[in-house]
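The file query.cif contains mmCIF, C-alpha atoms and all ligand atoms:
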data_protein
loop_
_atom_site.label_atom_id
_atom_site.label_comp_id
_atom_site.auth_asym_id
_atom_site.auth_seq_id
_atom_site.Cartn_x
_atom_site.Cartn_y
_atom_site.Cartn_z
CA MET A 1 -69.59 -68.26 70.38
CA ALA A 2 -70.69 -70.70 67.64
CA GLN A 3 -73.88 -72.57 68.46
CA SER A 4 -73.50 -76.34 68.55
CA ASN A 5 -75.46 -78.49 66.10
CA LEU A 6 -77.44 -81.62 66.82
CA TYR A 7 -76.16 -83.71 63.93
CA SER A 8 -74.03 -83.77 60.81
CA ARG A 9 -75.80 -85.35 57.87
CA VAL A 10 -74.63 -86.74 54.51
CA LEU A 11 -76.16 -84.55 51.79
CA GLY A 12 -74.55 -86.12 48.73
CA THR A 13 -71.95 -88.60 47.55
CA GLY A 14 -69.59 -88.80 44.56
CA SER A 15 -66.75 -90.91 43.24
CA TYR A 16 -64.26 -91.26 40.44
CA LEU A 17 -62.23 -94.10 38.96
CA PRO A 18 -59.40 -93.43 36.50
CA ALA A 19 -60.04 -94.65 32.95
CA ASP A 20 -57.35 -97.36 32.86
CA ARG A 21 -59.16 -100.52 34.03
CA VAL A 22 -56.65 -103.32 34.52
CA THR A 23 -58.01 -106.85 34.83
CA ASN A 24 -56.11 -109.57 36.67
CA GLN A 25 -55.19 -111.07 33.32
CA ASP A 26 -53.91 -107.70 32.04
CA LEU A 27 -51.81 -107.37 35.18
CA ALA A 28 -50.55 -110.97 34.99
CA ASP A 29 -49.50 -110.35 31.36
CA ARG A 30 -47.68 -107.12 32.30
CA LEU A 31 -45.92 -108.79 35.24
CA ALA A 32 -44.93 -111.87 33.20
CA LYS A 33 -42.87 -109.59 30.93
CA GLN A 34 -40.67 -108.77 33.94
CA GLY A 35 -40.53 -112.35 35.17
CA VAL A 36 -43.15 -112.02 37.95
CA GLU A 37 -45.66 -114.86 37.98
CA THR A 38 -49.28 -114.50 39.05
CA SER A 39 -52.69 -115.51 37.75
CA ASP A 40 -56.31 -114.41 37.66
CA GLU A 41 -57.19 -117.64 39.47
CA TRP A 42 -54.83 -116.96 42.41
CA ILE A 43 -55.89 -113.33 42.82
CA VAL A 44 -59.64 -114.10 42.69
CA ALA A 45 -59.39 -117.06 45.07
CA ARG A 46 -57.31 -115.22 47.72
CA THR A 47 -58.82 -111.73 47.50
CA GLY A 48 -62.02 -111.56 45.41
CA ILE A 49 -60.37 -108.93 43.20
CA HIS A 50 -61.05 -109.15 39.44
CA ALA A 51 -59.85 -105.70 38.30
CA ARG A 52 -58.55 -102.35 39.52
CA HIS A 53 -58.08 -98.91 37.98
CA PHE A 54 -54.74 -97.13 37.67
CA ALA A 55 -54.32 -93.35 37.38
CA ALA A 56 -52.75 -91.97 34.19
CA ALA A 57 -49.11 -90.88 34.47
CA ASP A 58 -50.11 -87.20 34.67
CA GLN A 59 -52.99 -87.69 37.15
CA THR A 60 -52.41 -86.88 40.80
CA THR A 61 -54.43 -87.72 43.89
CA SER A 62 -55.93 -84.20 43.96
CA ASP A 63 -57.06 -84.66 40.33
CA LEU A 64 -58.99 -87.82 41.29
CA ALA A 65 -60.32 -86.04 44.39
CA LEU A 66 -61.55 -83.14 42.23
CA PHE A 67 -63.74 -85.37 40.03
CA ALA A 68 -65.22 -87.18 43.04
CA SER A 69 -65.79 -83.89 44.89
CA ASN A 70 -67.58 -82.25 41.97
CA ASN A 71 -69.91 -85.27 41.77
CA ALA A 72 -70.62 -85.11 45.52
CA ILE A 73 -71.17 -81.33 45.50
CA GLU A 74 -73.59 -81.67 42.59
CA ALA A 75 -75.48 -84.49 44.33
CA ALA A 76 -75.62 -82.47 47.56
CA GLY A 77 -76.87 -79.37 45.74
CA VAL A 78 -74.70 -77.01 47.79
CA ASP A 79 -72.84 -73.91 46.67
CA PRO A 80 -69.13 -74.88 46.74
CA GLN A 81 -68.40 -71.52 48.38
CA SER A 82 -70.44 -72.65 51.41
CA ILE A 83 -67.99 -75.51 52.10
CA ASP A 84 -66.04 -74.34 55.14
CA LEU A 85 -64.20 -77.60 55.89
CA ILE A 86 -62.30 -79.90 53.52
CA ILE A 87 -60.70 -83.10 54.78
CA VAL A 88 -58.84 -85.38 52.39
CA ALA A 89 -57.94 -88.83 53.69
CA THR A 90 -54.92 -90.05 51.76
CA SER A 91 -51.56 -91.78 52.13
CA THR A 92 -50.53 -90.86 48.60
CA PRO A 93 -50.64 -87.05 48.66
CA ASP A 94 -49.53 -84.98 45.67
CA PHE A 95 -46.70 -83.45 47.72
CA VAL A 96 -45.04 -83.62 51.12
CA PHE A 97 -46.83 -80.27 51.52
CA PRO A 98 -49.06 -78.37 50.92
CA SER A 99 -51.81 -80.80 51.82
CA THR A 100 -53.93 -82.42 49.12
CA ALA A 101 -56.94 -80.75 50.77
CA CYS A 102 -55.46 -77.28 50.15
CA LEU A 103 -54.69 -78.19 46.54
CA LEU A 104 -58.26 -79.50 46.17
CA GLN A 105 -59.73 -76.32 47.69
CA ASN A 106 -57.88 -74.30 45.06
CA LYS A 107 -58.91 -76.61 42.20
CA LEU A 108 -62.54 -76.29 43.31
CA GLY A 109 -62.18 -72.48 43.26
CA ILE A 110 -63.29 -72.20 46.90
CA LYS A 111 -62.24 -68.78 48.17
CA ASN A 112 -63.84 -68.61 51.63
CA ASN A 113 -60.73 -69.44 53.69
CA GLY A 114 -62.41 -72.39 55.41
CA ALA A 115 -60.21 -75.08 56.96
CA ALA A 116 -58.54 -77.69 54.75
CA PHE A 117 -56.25 -80.50 55.84
CA ASP A 118 -55.29 -84.11 55.14
CA VAL A 119 -55.83 -87.09 57.40
CA GLN A 120 -53.20 -89.83 57.33
CA ALA A 121 -54.67 -93.04 58.70
CA VAL A 122 -54.10 -95.18 55.58
CA CYS A 123 -57.08 -97.45 54.87
CA SER A 124 -58.96 -96.14 57.96
CA GLY A 125 -58.52 -92.56 56.74
CA PHE A 126 -62.08 -92.04 55.57
CA ALA A 127 -63.57 -93.40 58.81
CA TYR A 128 -61.23 -91.06 60.72
CA ALA A 129 -62.20 -88.10 58.50
CA VAL A 130 -65.95 -88.69 58.97
CA ALA A 131 -65.56 -88.82 62.76
CA ILE A 132 -63.44 -85.63 62.78
CA ALA A 133 -65.85 -83.75 60.49
CA ASP A 134 -68.83 -84.89 62.58
CA SER A 135 -67.18 -83.52 65.74
CA LEU A 136 -66.28 -80.21 64.10
CA ILE A 137 -69.79 -79.78 62.71
CA ARG A 138 -71.59 -80.75 65.93
CA SER A 139 -69.37 -78.36 67.93
CA GLY A 140 -70.58 -75.52 65.72
CA ALA A 141 -67.07 -74.72 64.47
CA HIS A 142 -67.97 -75.68 60.89
CA ARG A 143 -71.21 -76.11 58.98
CA THR A 144 -70.61 -77.73 55.60
CA ALA A 145 -67.83 -80.29 55.07
CA LEU A 146 -66.40 -81.98 52.01
CA ILE A 147 -64.82 -85.27 53.04
CA VAL A 148 -62.75 -87.14 50.50
CA GLY A 149 -60.84 -90.40 50.36
CA ALA A 150 -58.44 -90.30 47.41
CA GLU A 151 -55.44 -92.43 46.52
CA THR A 152 -52.91 -93.18 43.82
CA PHE A 153 -51.54 -96.31 45.47
CA SER A 154 -50.16 -97.52 42.13
CA ARG A 155 -47.33 -95.01 42.70
CA ILE A 156 -46.06 -96.83 45.80
CA LEU A 157 -46.49 -100.40 44.53
CA ASP A 158 -43.44 -102.52 43.83
CA PHE A 159 -44.44 -104.37 40.66
CA ASN A 160 -41.75 -106.94 41.38
CA ASP A 161 -43.56 -107.92 44.60
CA ARG A 162 -46.50 -110.09 43.61
CA THR A 163 -47.69 -110.40 47.19
CA THR A 164 -48.72 -106.71 47.24
CA CYS A 165 -48.93 -105.27 43.71
CA VAL A 166 -51.99 -107.32 42.74
CA LEU A 167 -54.05 -106.01 45.67
CA PHE A 168 -54.31 -102.24 45.26
CA GLY A 169 -55.88 -99.72 42.91
CA ASP A 170 -56.44 -95.97 42.48
CA GLY A 171 -59.62 -93.92 42.89
CA ALA A 172 -61.49 -91.34 44.91
CA GLY A 173 -64.78 -91.03 46.77
CA ALA A 174 -66.34 -87.99 48.44
CA ILE A 175 -69.28 -86.91 50.57
CA VAL A 176 -70.72 -83.55 51.57
CA MET A 177 -71.88 -83.39 55.20
CA GLN A 178 -73.82 -80.52 56.73
CA ALA A 179 -75.17 -79.47 60.12
CA SER A 180 -78.74 -80.68 60.57
CA ASP A 181 -81.51 -81.12 63.12
CA GLU A 182 -82.30 -84.50 61.54
CA PRO A 183 -80.24 -87.56 62.52
CA GLY A 184 -77.06 -88.11 60.52
CA VAL A 185 -73.88 -89.52 62.07
CA LEU A 186 -75.05 -91.39 65.18
CA ALA A 187 -71.72 -92.57 66.63
CA SER A 188 -68.09 -93.18 65.75
CA ALA A 189 -65.17 -95.07 67.27
CA LEU A 190 -61.50 -94.62 66.35
CA HIS A 191 -58.41 -96.57 67.43
CA ALA A 192 -54.73 -97.07 66.69
CA ASP A 193 -51.88 -99.29 67.85
CA GLY A 194 -48.51 -98.06 66.65
CA SER A 195 -46.75 -101.19 67.86
CA TYR A 196 -47.93 -102.84 64.62
CA SER A 197 -46.44 -100.12 62.40
CA ASP A 198 -44.08 -102.52 60.62
CA ILE A 199 -46.63 -105.04 59.26
CA LEU A 200 -48.02 -102.58 56.70
CA CYS A 201 -45.87 -99.59 55.82
CA THR A 202 -44.11 -97.49 53.23
CA PRO A 203 -41.00 -96.79 55.27
CA GLY A 204 -39.36 -94.00 53.31
CA ASN A 205 -38.92 -90.28 53.74
CA VAL A 206 -37.37 -87.35 51.93
CA ASN A 207 -33.91 -86.52 53.22
CA GLY A 208 -31.35 -84.27 51.59
CA GLY A 209 -33.34 -84.13 48.36
CA VAL A 210 -33.67 -87.89 47.87
CA VAL A 211 -35.90 -90.65 49.20
CA ALA A 212 -34.29 -92.34 52.17
CA GLY A 213 -35.50 -95.85 53.02
CA SER A 214 -38.09 -97.55 50.82
CA ALA A 215 -40.86 -95.67 49.04
CA PHE A 216 -42.64 -98.96 48.23
CA LEU A 217 -45.50 -100.51 50.18
CA HIS A 218 -44.44 -103.45 52.37
CA MET A 219 -46.86 -105.86 53.99
CA ASP A 220 -46.95 -108.98 56.10
CA GLY A 221 -50.20 -110.22 54.56
CA GLN A 222 -51.03 -112.91 57.09
CA ALA A 223 -50.40 -110.67 60.13
CA VAL A 224 -52.54 -107.94 58.58
CA PHE A 225 -55.30 -110.44 57.80
CA LYS A 226 -55.48 -111.70 61.40
CA LEU A 227 -55.47 -108.26 62.95
CA ALA A 228 -58.03 -106.87 60.49
CA VAL A 229 -60.58 -109.62 61.14
CA ASN A 230 -60.25 -109.13 64.88
CA VAL A 231 -60.49 -105.33 65.11
CA LEU A 232 -63.18 -104.88 62.46
CA GLU A 233 -65.67 -106.88 64.49
CA LYS A 234 -64.77 -105.12 67.74
CA VAL A 235 -64.96 -101.58 66.38
CA ALA A 236 -68.27 -102.25 64.63
CA VAL A 237 -69.80 -103.50 67.89
CA GLU A 238 -68.37 -100.51 69.76
CA ALA A 239 -69.84 -97.97 67.30
CA LEU A 240 -73.21 -99.78 67.35
CA GLU A 241 -73.30 -99.77 71.16
CA LYS A 242 -72.48 -96.05 71.24
CA ALA A 243 -75.35 -95.45 68.79
CA GLN A 244 -77.60 -97.68 70.93
CA LEU A 245 -78.25 -99.91 67.94
CA THR A 246 -77.68 -103.57 67.20
CA ALA A 247 -76.48 -105.17 63.98
CA GLU A 248 -80.14 -105.92 63.15
CA ASP A 249 -80.76 -102.17 62.85
CA ILE A 250 -78.10 -101.85 60.15
CA ASP A 251 -79.41 -101.71 56.60
CA TRP A 252 -75.98 -101.56 54.96
CA LEU A 253 -72.48 -102.51 56.04
CA ILE A 254 -69.70 -100.81 54.08
CA PRO A 255 -66.40 -102.27 55.26
CA HIS A 256 -63.04 -101.22 53.86
CA GLN A 257 -62.72 -103.09 50.57
CA ALA A 258 -59.40 -104.91 50.94
CA ASN A 259 -60.17 -108.58 50.64
CA ILE A 260 -63.50 -110.38 50.25
CA ARG A 261 -62.49 -113.02 52.81
CA ILE A 262 -61.91 -110.38 55.51
CA MET A 263 -65.20 -108.68 54.60
CA GLN A 264 -67.25 -111.88 54.66
CA SER A 265 -65.75 -112.89 57.97
CA THR A 266 -66.69 -109.52 59.53
CA CYS A 267 -70.21 -109.80 58.15
CA ARG A 268 -70.58 -113.31 59.60
CA LYS A 269 -69.23 -112.27 63.00
CA LEU A 270 -71.76 -109.43 63.14
CA ARG A 271 -74.48 -111.94 62.10
CA LEU A 272 -75.45 -109.73 59.18
CA PRO A 273 -76.73 -111.36 55.98
CA GLN A 274 -74.08 -111.01 53.26
CA GLU A 275 -76.69 -109.28 51.04
CA ARG A 276 -76.58 -106.28 53.37
CA MET A 277 -72.88 -105.70 52.70
CA VAL A 278 -71.80 -103.42 49.84
CA VAL A 279 -69.01 -105.13 47.89
CA THR A 280 -66.92 -103.29 45.30
CA VAL A 281 -63.52 -104.88 45.96
CA GLY A 282 -63.95 -107.11 42.90
CA GLU A 283 -63.97 -104.14 40.52
CA HIS A 284 -61.91 -101.58 42.48
CA GLY A 285 -59.26 -103.61 44.31
CA ASN A 286 -58.06 -102.05 47.56
CA THR A 287 -58.13 -98.27 47.05
CA SER A 288 -57.15 -97.60 50.69
CA ALA A 289 -58.83 -94.42 52.03
CA ALA A 290 -60.96 -94.19 48.88
CA SER A 291 -62.55 -97.61 49.21
CA ILE A 292 -65.40 -96.79 51.62
CA PRO A 293 -66.63 -93.59 49.92
CA LEU A 294 -66.31 -95.28 46.51
CA ALA A 295 -68.49 -98.18 47.69
CA LEU A 296 -70.92 -95.79 49.40
CA ASP A 297 -71.37 -93.78 46.21
CA VAL A 298 -71.91 -96.90 44.10
CA ALA A 299 -74.67 -98.13 46.43
CA VAL A 300 -76.33 -94.69 46.72
CA ARG A 301 -76.35 -94.18 42.96
CA ASP A 302 -77.66 -97.66 42.12
CA GLY A 303 -80.53 -97.05 44.57
CA ARG A 304 -79.62 -99.64 47.21
CA ILE A 305 -78.97 -97.10 49.98
CA LYS A 306 -82.08 -95.02 50.60
CA ARG A 307 -82.82 -92.00 52.78
CA GLY A 308 -83.60 -92.97 56.36
CA GLN A 309 -81.54 -96.18 56.28
CA ASN A 310 -78.75 -96.93 58.76
CA VAL A 311 -75.28 -97.40 57.32
CA LEU A 312 -72.24 -98.77 59.16
CA ILE A 313 -68.84 -97.91 57.68
CA GLU A 314 -65.62 -99.36 59.03
CA GLY A 315 -61.98 -99.23 58.08
CA VAL A 316 -58.69 -100.81 59.07
CA GLY A 317 -55.21 -100.09 57.83
CA GLY A 318 -51.59 -99.24 58.34
CA GLY A 319 -50.52 -97.68 61.59
CA PHE A 320 -52.22 -99.84 62.73
CA THR A 321 -55.47 -97.88 62.67
CA TRP A 322 -59.12 -98.83 62.72
CA GLY A 323 -62.42 -97.02 63.04
CA ALA A 324 -66.16 -97.11 62.38
CA SER A 325 -69.11 -94.76 62.06
CA VAL A 326 -72.84 -95.40 62.05
CA PHE A 327 -75.00 -92.87 60.23
CA ARG A 328 -78.60 -92.42 59.17
CA TYR A 329 -78.49 -91.65 55.43
C1 LIG B 1 -51.99 -111.06 50.79
C2 LIG B 1 -52.89 -112.29 50.92
C3 LIG B 1 -53.95 -112.26 49.85
C4 LIG B 1 -52.02 -113.53 50.73
O1 LIG B 1 -52.82 -114.68 50.87
P1 LIG B 1 -52.32 -115.91 51.72
O2 LIG B 1 -53.38 -116.93 51.63
O3 LIG B 1 -51.93 -115.39 53.08
O4 LIG B 1 -51.08 -116.37 50.89
P2 LIG B 1 -49.56 -116.58 51.37
O5 LIG B 1 -48.95 -115.27 51.69
O6 LIG B 1 -49.59 -117.65 52.43
O7 LIG B 1 -48.93 -117.16 50.06
C5 LIG B 1 -49.31 -118.43 49.55
C6 LIG B 1 -48.51 -118.71 48.32
O8 LIG B 1 -48.95 -117.86 47.26
C7 LIG B 1 -47.83 -117.20 46.68
N1 LIG B 1 -48.26 -115.90 46.17
C8 LIG B 1 -48.27 -114.73 46.83
N2 LIG B 1 -48.75 -113.75 46.01
C9 LIG B 1 -49.05 -114.33 44.85
C10 LIG B 1 -49.59 -113.86 43.64
N3 LIG B 1 -49.92 -112.56 43.45
N4 LIG B 1 -49.79 -114.73 42.64
C11 LIG B 1 -49.48 -116.03 42.79
N5 LIG B 1 -48.94 -116.55 43.90
C12 LIG B 1 -48.75 -115.70 44.94
C13 LIG B 1 -46.82 -117.10 47.79
O9 LIG B 1 -45.53 -116.93 47.29
C14 LIG B 1 -47.02 -118.44 48.47
O10 LIG B 1 -46.34 -119.40 47.75
P3 LIG B 1 -45.56 -120.60 48.51
O11 LIG B 1 -46.63 -121.34 49.26
O12 LIG B 1 -44.98 -121.37 47.39
O13 LIG B 1 -44.58 -119.91 49.40
C15 LIG B 1 -53.55 -112.36 52.33
O14 LIG B 1 -52.57 -112.59 53.30
C16 LIG B 1 -54.28 -111.10 52.66
O15 LIG B 1 -55.27 -110.78 52.04
N6 LIG B 1 -53.83 -110.37 53.70
C17 LIG B 1 -54.45 -109.11 54.05
C18 LIG B 1 -54.02 -108.07 53.08
C19 LIG B 1 -54.79 -106.81 53.21
O16 LIG B 1 -55.99 -106.83 53.25
N7 LIG B 1 -54.07 -105.69 53.26
C20 LIG B 1 -54.63 -104.40 53.34
C21 LIG B 1 -55.23 -104.18 54.66
S1 LIG B 1 -55.73 -102.54 54.77
#
Since I need it in another form, could you write the structure as structure tokens?
Amino acid sequence: MAQSNLYSRVLGTGSYLPADRVTNQDLADRLAKQGVETSDEWIVARTGIHARHFAAADQTTSDLALFASNNAIEAAGVDPQSIDLIIVATSTPDFVFPSTACLLQNKLGIKNNGAAFDVQAVCSGFAYAVAIADSLIRSGAHRTALIVGAETFSRILDFNDRTTCVLFGDGAGAIVMQASDEPGVLASALHADGSYSDILCTPGNVNGGVVAGSAFLHMDGQAVFKLAVNVLEKVAVEALEKAQLTAEDIDWLIPHQANIRIMQSTCRKLRLPQERMVVTVGEHGNTSAASIPLALDVAVRDGRIKRGQNVLIEGVGGGFTWGASVFRY
């Protein structure tokens, strides 16, 4: 029987943004050509977003995931063949199946037959994936995990709907986690309430060889806003209590990067100084499951997040889903 491990620990982080950086003005100019009116001023004031990146026409989610994964594997200094668990959090997979995680395993040339699967929890996907990987590592079932959040949300945006198309972007972030005797993930909390499935959804499926329903993202922005602010505070407090920590013990808060107003409100409710929150929404837009690992990698690489510090990540998204993890970096 596999021996259980004390902790799972983050060994390295990586991320990738596609080359096409689209500012609000670029987007407003593109949309104006099709008669859709928006402005840099409106987008910045309501969301804090200044720019986002869009994948090239021939780039898939697994392509973005591959770049981010290679960066994380290099930072972690592990042999890719030792990775026995790959979880990709995504709502924009390359295919209906096989999973993006299996495609990524193949692109990475990993031949060890470890487990690989996708997690579908929309913008909470990375928080879900970290909690799942932590459980599988601590149980002794797996030892070294590659956890990725990767999205090509531009593919499901309706560029005639200004209330949604200005909010999202593409990208990928990844971490390598390994079994360790030293503290790593301290606690996680995951939740869902399917009765809110219609306020943020892409309600289409493949039927008889064609898409049935709508393959575009639909959102009731105000309902999502209210719910997000409420559950993000609650789940952060729950994860902190499980870890026997208080907000004062947190060096860095990395919330899902959807909207600066939601993020600032969460930070205030937790009584954390805004300087302790990592903010990348301005440059990345909302990259759904990729947003937390992208922000984490930015703050690790620019030296803000240091070894031994406590990091609180939390996500909220379609489903409705929400979740948080506290870890010692
Ligand atoms: C989407 C969101 C930014 C809209 O902001 P809001 O303050 O609620 O704005 P409203 O929807 O009330 O719209 C206000 C006005 O702006 C207009 N508007 C909407 N999108 C616009 C855009 N891109 N450019 C210009 N005007 C826009 C609306 O048509 C409306 O005009 P009206 O008053 O003439 O009807 C906000 O609701 C939000 O951030 N929600 C959460 C979204 C989110 O985070 N989703 C992901 C969660 S994982």
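We find atom CA of Leu17 of chain A and atom CA of Gly171 of chain A to be spaced 4.7 Å apart.
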Within-6 Å residues of ligand LIG 1 (chain B), basis all atoms listed in the file, as a count of residues only: 17
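The residue set within 9 Å of segment 152-156 of chain A, counting all atoms listed in the file and dropping same-chain residues fewer than 6 places from it, reads Phe54, Ala55, Gln59, Thr60, Thr61, Leu64, Thr90, Ser91, Thr92, Pro93, Cys165, Phe168, Gly169, Asp170, Gly171, Ala172, Thr202, Ala215, Phe216, Leu217, Asn286, Thr287 and Ser288 of chain A.
For the pair atom CA of Ile313 of chain A and atom CA of Ala56 of chain A, the separation is 29.1 Å.
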Under the rule that all atoms listed in the file are counted, which of A:Leu245, A:Val10, A:Val36, A:Ile175 is the nearest residue to Asp158 of chain A? A:Val36
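The residue that comes closest to Lys111 of chain A, out of A:Gln178, A:Lys269, A:Asp79, A:Val235 and on the basis of all atoms listed in the file, is A:Asp79.
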At a cut-off of 10 Å, using only C-alpha atoms, what residues contact segment 280-284 of chain A? Leave out same-chain residues fewer than 3 positions from it and give the result as an mmCIF file with C-alpha atoms, in the coordinates of the input.
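Once written, around_16.cif looks like this:
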data_model
loop_
_atom_site.group_PDB
_atom_site.id
_atom_site.type_symbol
_atom_site.label_atom_id
_atom_site.label_comp_id
_atom_site.auth_asym_id
_atom_site.auth_seq_id
_atom_site.Cartn_x
_atom_site.Cartn_y
_atom_site.Cartn_z
ATOM 1 C CA LEU A 17 -62.230 -94.100 38.960
ATOM 2 C CA ARG A 21 -59.160 -100.520 34.030
ATOM 3 C CA VAL A 22 -56.650 -103.320 34.520
ATOM 4 C CA THR A 23 -58.010 -106.850 34.830
ATOM 5 C CA VAL A 44 -59.640 -114.100 42.690
ATOM 6 C CA THR A 47 -58.820 -111.730 47.500
ATOM 7 C CA GLY A 48 -62.020 -111.560 45.410
ATOM 8 C CA ILE A 49 -60.370 -108.930 43.200
ATOM 9 C CA HIS A 50 -61.050 -109.150 39.440
ATOM 10 C CA ALA A 51 -59.850 -105.700 38.300
ATOM 11 C CA ARG A 52 -58.550 -102.350 39.520
ATOM 12 C CA HIS A 53 -58.080 -98.910 37.980
ATOM 13 C CA PHE A 54 -54.740 -97.130 37.670
ATOM 14 C CA LEU A 167 -54.050 -106.010 45.670
ATOM 15 C CA PHE A 168 -54.310 -102.240 45.260
ATOM 16 C CA GLY A 169 -55.880 -99.720 42.910
ATOM 17 C CA ASP A 170 -56.440 -95.970 42.480
ATOM 18 C CA GLY A 171 -59.620 -93.920 42.890
ATOM 19 C CA ILE A 254 -69.700 -100.810 54.080
ATOM 20 C CA HIS A 256 -63.040 -101.220 53.860
ATOM 21 C CA GLN A 257 -62.720 -103.090 50.570
ATOM 22 C CA ALA A 258 -59.400 -104.910 50.940
ATOM 23 C CA ASN A 259 -60.170 -108.580 50.640
ATOM 24 C CA ILE A 260 -63.500 -110.380 50.250
ATOM 25 C CA MET A 263 -65.200 -108.680 54.600
ATOM 26 C CA MET A 277 -72.880 -105.700 52.700
ATOM 27 C CA THR A 287 -58.130 -98.270 47.050
ATOM 28 C CA ALA A 290 -60.960 -94.190 48.880
ATOM 29 C CA SER A 291 -62.550 -97.610 49.210
ATOM 30 C CA ILE A 292 -65.400 -96.790 51.620
ATOM 31 C CA LEU A 294 -66.310 -95.280 46.510
ATOM 32 C CA ALA A 295 -68.490 -98.180 47.690
ATOM 33 C CA LEU A 296 -70.920 -95.790 49.400
ATOM 34 C CA VAL A 298 -71.910 -96.900 44.100
ATOM 35 C CA ALA A 299 -74.670 -98.130 46.430
#
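The protein and nucleic acid residues lying at most 8 Å from Val88 of chain A are Ile86, Thr90, Thr100, Ala101, Phe117, Asp118, Val119, Ala129, Ile147, Val148, Gly149 and Ala150 of chain A, with only C-alpha atoms considered and sequence neighbours fewer than 2 positions away removed.
Near Gly315 of chain A, within a cut-off of 7 Å and counting all atoms listed in the file, sit the residues Cys123, Ser124, Ala127, Pro255, His256, Trp322, Gly323 and Ala324 of chain A, with same-chain residues fewer than 3 positions away left out.
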Atoms kept (C-alpha atoms) for selection, written as a PDB file, in the coordinates of the input:
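Contents of selection_6.pdb, as written:
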ATOM      1  CA  CYS A 123     -57.080 -97.450  54.870  1.00  0.00           C
ATOM      2  CA  SER A 124     -58.960 -96.140  57.960  1.00  0.00           C
ATOM      3  CA  ALA A 127     -63.570 -93.400  58.810  1.00  0.00           C
ATOM      4  CA  PRO A 255     -66.400-102.270  55.260  1.00  0.00           C
ATOM      5  CA  HIS A 256     -63.040-101.220  53.860  1.00  0.00           C
ATOM      6  CA  TRP A 322     -59.120 -98.830  62.720  1.00  0.00           C
ATOM      7  CA  GLY A 323     -62.420 -97.020  63.040  1.00  0.00           C
ATOM      8  CA  ALA A 324     -66.160 -97.110  62.380  1.00  0.00           C
TER       9      ALA A 324
END
So how many Å separate atom CA of Leu103 of chain A and atom CA of Thr144 of chain A, to one decimal? 18.3 Å
Considering only C-alpha atoms, state which residue in the set A:Pro80, A:Phe126, A:Ile87, A:Arg143 is at the smallest distance from Ile110 of chain A. A:Pro80
Model the absent atoms of segment 6-19 of chain A so that N, CA and C atoms are present, and write the result as a tab-separated table (two decimals), keeping the file's coordinate frame.
chain	number	residue	atom	x	y	z
A	6	LEU	N	-77.02	-80.31	66.34
A	6	LEU	CA	-77.44	-81.62	66.82
A	6	LEU	C	-76.73	-82.75	66.07
A	7	TYR	N	-76.71	-82.63	64.76
A	7	TYR	CA	-76.16	-83.71	63.93
A	7	TYR	C	-75.37	-83.14	62.75
A	8	SER	N	-74.56	-84.04	62.16
A	8	SER	CA	-74.03	-83.77	60.81
A	8	SER	C	-74.63	-84.84	59.91
A	9	ARG	N	-75.06	-84.43	58.74
A	9	ARG	CA	-75.80	-85.35	57.87
A	9	ARG	C	-75.16	-85.41	56.48
A	10	VAL	N	-75.17	-86.59	55.87
A	10	VAL	CA	-74.63	-86.74	54.51
A	10	VAL	C	-75.65	-86.18	53.53
A	11	LEU	N	-75.25	-85.14	52.78
A	11	LEU	CA	-76.16	-84.55	51.79
A	11	LEU	C	-76.00	-85.18	50.41
A	12	GLY	N	-74.77	-85.57	50.07
A	12	GLY	CA	-74.55	-86.12	48.73
A	12	GLY	C	-73.24	-86.87	48.67
A	13	THR	N	-73.16	-87.78	47.71
A	13	THR	CA	-71.95	-88.60	47.55
A	13	THR	C	-71.44	-88.50	46.11
A	14	GLY	N	-70.17	-88.79	45.91
A	14	GLY	CA	-69.59	-88.80	44.56
A	14	GLY	C	-68.37	-89.69	44.53
A	15	SER	N	-67.97	-90.10	43.34
A	15	SER	CA	-66.75	-90.91	43.24
A	15	SER	C	-66.14	-90.78	41.86
A	16	TYR	N	-64.94	-91.29	41.74
A	16	TYR	CA	-64.26	-91.26	40.44
A	16	TYR	C	-63.23	-92.39	40.38
A	17	LEU	N	-63.24	-93.08	39.24
A	17	LEU	CA	-62.23	-94.10	38.96
A	17	LEU	C	-61.47	-93.69	37.71
A	18	PRO	N	-60.14	-93.76	37.72
A	18	PRO	CA	-59.40	-93.43	36.50
A	18	PRO	C	-59.76	-94.38	35.36
A	19	ALA	N	-59.55	-93.91	34.13
A	19	ALA	CA	-60.04	-94.65	32.95
A	19	ALA	C	-59.35	-96.01	32.75
